[in-house]
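I have placed the structure first, in the form of structure tokens, so that the comments after it can refer back to it.
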Amino acid sequence: MAFGAGLRTGKGVPYKEGMQFLRHHRFTLGFLGLLVFCSVMVIRQMQANHMRHAEYLDAFILLHSRGYTNQAKRLYQRLLVELDTLPTRTLYDDFQRTVMVVNPAQDQPENLIWKYHWTVSNEMEKRSERNLIRALDLAKEE
């Protein structure tokens, strides 16, 4: 066998086999790349939404505690609007943050932080009831 014979036939050259693999599976590899990219973007958006909500809550507590009631009311309304779509973990975090600021045992209906705390508490209770009903339904299926 001559010195360059393997190069002319394409045998033994690793990059040619790799290029053939890429050409043969280009649509599958492109789809997988797009799937990974979209997954990363969804995760980043979820994290951004969580951070934005935490920033709104912190600003709401700060503004209310400093006496900026009009601005605090706007943030309070925004927090209430997104309450239904929040994950349970975020609700739990909000509950923990607000319980440190207000006394939940004492009625303070004029205090927006207290109102938000009780709204979050009621939402958590509704969700736990739904989870209990779902668990009972799953137990019946078996």
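Labels for the structure tokens follow display order: chains A, B, ..., residues from 1 in each chain, ligands from 1.
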
Determine which residues of segment 1-70 of chain A DSSP labels as helix (DSSP H, G or I) from the backbone of this structure, then write them out as a PyMOL selection string. chain A and resi 5-9+14-24+26-66+69-70

What are the closest atom pairs, with distances in Å to one decimal, for each residue of segment 79-113 of chain A lying within 12 Å of segment 56-74 of chain A, using only C-alpha atoms, rows by chain and rising residue number, as JSON lines?
```
{"residue": "A:Leu79", "atom": "CA", "partner": "A:Leu57", "partner_atom": "CA", "distance": 7.4}
{"residue": "A:Leu80", "atom": "CA", "partner": "A:Arg74", "partner_atom": "CA", "distance": 10.0}
{"residue": "A:Val81", "atom": "CA", "partner": "A:Arg74", "partner_atom": "CA", "distance": 10.8}
{"residue": "A:Glu82", "atom": "CA", "partner": "A:Tyr56", "partner_atom": "CA", "distance": 11.0}
{"residue": "A:Leu83", "atom": "CA", "partner": "A:Leu57", "partner_atom": "CA", "distance": 11.5}
{"residue": "A:Thr90", "atom": "CA", "partner": "A:Leu57", "partner_atom": "CA", "distance": 11.0}
{"residue": "A:Leu91", "atom": "CA", "partner": "A:Leu57", "partner_atom": "CA", "distance": 11.2}
{"residue": "A:Asp93", "atom": "CA", "partner": "A:Leu57", "partner_atom": "CA", "distance": 10.3}
{"residue": "A:Asp94", "atom": "CA", "partner": "A:Leu57", "partner_atom": "CA", "distance": 7.7}
{"residue": "A:Phe95", "atom": "CA", "partner": "A:Leu57", "partner_atom": "CA", "distance": 10.8}
{"residue": "A:Gln96", "atom": "CA", "partner": "A:Leu57", "partner_atom": "CA", "distance": 11.8}
{"residue": "A:Arg97", "atom": "CA", "partner": "A:Leu57", "partner_atom": "CA", "distance": 8.8}
{"residue": "A:Thr98", "atom": "CA", "partner": "A:Ile61", "partner_atom": "CA", "distance": 8.2}
{"residue": "A:Val99", "atom": "CA", "partner": "A:Ile61", "partner_atom": "CA", "distance": 11.6}
{"residue": "A:Met100", "atom": "CA", "partner": "A:Ile61", "partner_atom": "CA", "distance": 11.0}
{"residue": "A:Val101", "atom": "CA", "partner": "A:Ile61", "partner_atom": "CA", "distance": 8.3}
{"residue": "A:Val102", "atom": "CA", "partner": "A:Ile61", "partner_atom": "CA", "distance": 10.4}
{"residue": "A:Glu110", "atom": "CA", "partner": "A:Thr69", "partner_atom": "CA", "distance": 10.8}
{"residue": "A:Asn111", "atom": "CA", "partner": "A:His64", "partner_atom": "CA", "distance": 8.5}
{"residue": "A:Leu112", "atom": "CA", "partner": "A:Lys73", "partner_atom": "CA", "distance": 7.5}
{"residue": "A:Ile113", "atom": "CA", "partner": "A:Ile61", "partner_atom": "CA", "distance": 6.8}
```

note - atom CA of Val36 of chain A and atom CA of Leu86 of chain A are separated by 24.9 Å

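Atom CA of Phe37 of chain A is found 21.7 Å from atom CA of His24 of chain A.
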
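Counting from atom CA of Thr119 of chain A, the distance to atom CA of Asp84 of chain A is 10.7 Å.
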
Show me, as a ChimeraX atom specification, the residues that have an atom within 12 Å of Thr88 of chain A when counting only C-alpha atoms, minus same-chain residues fewer than 5 positions from it. /A:50,83,93-95,120-121,123-128,131
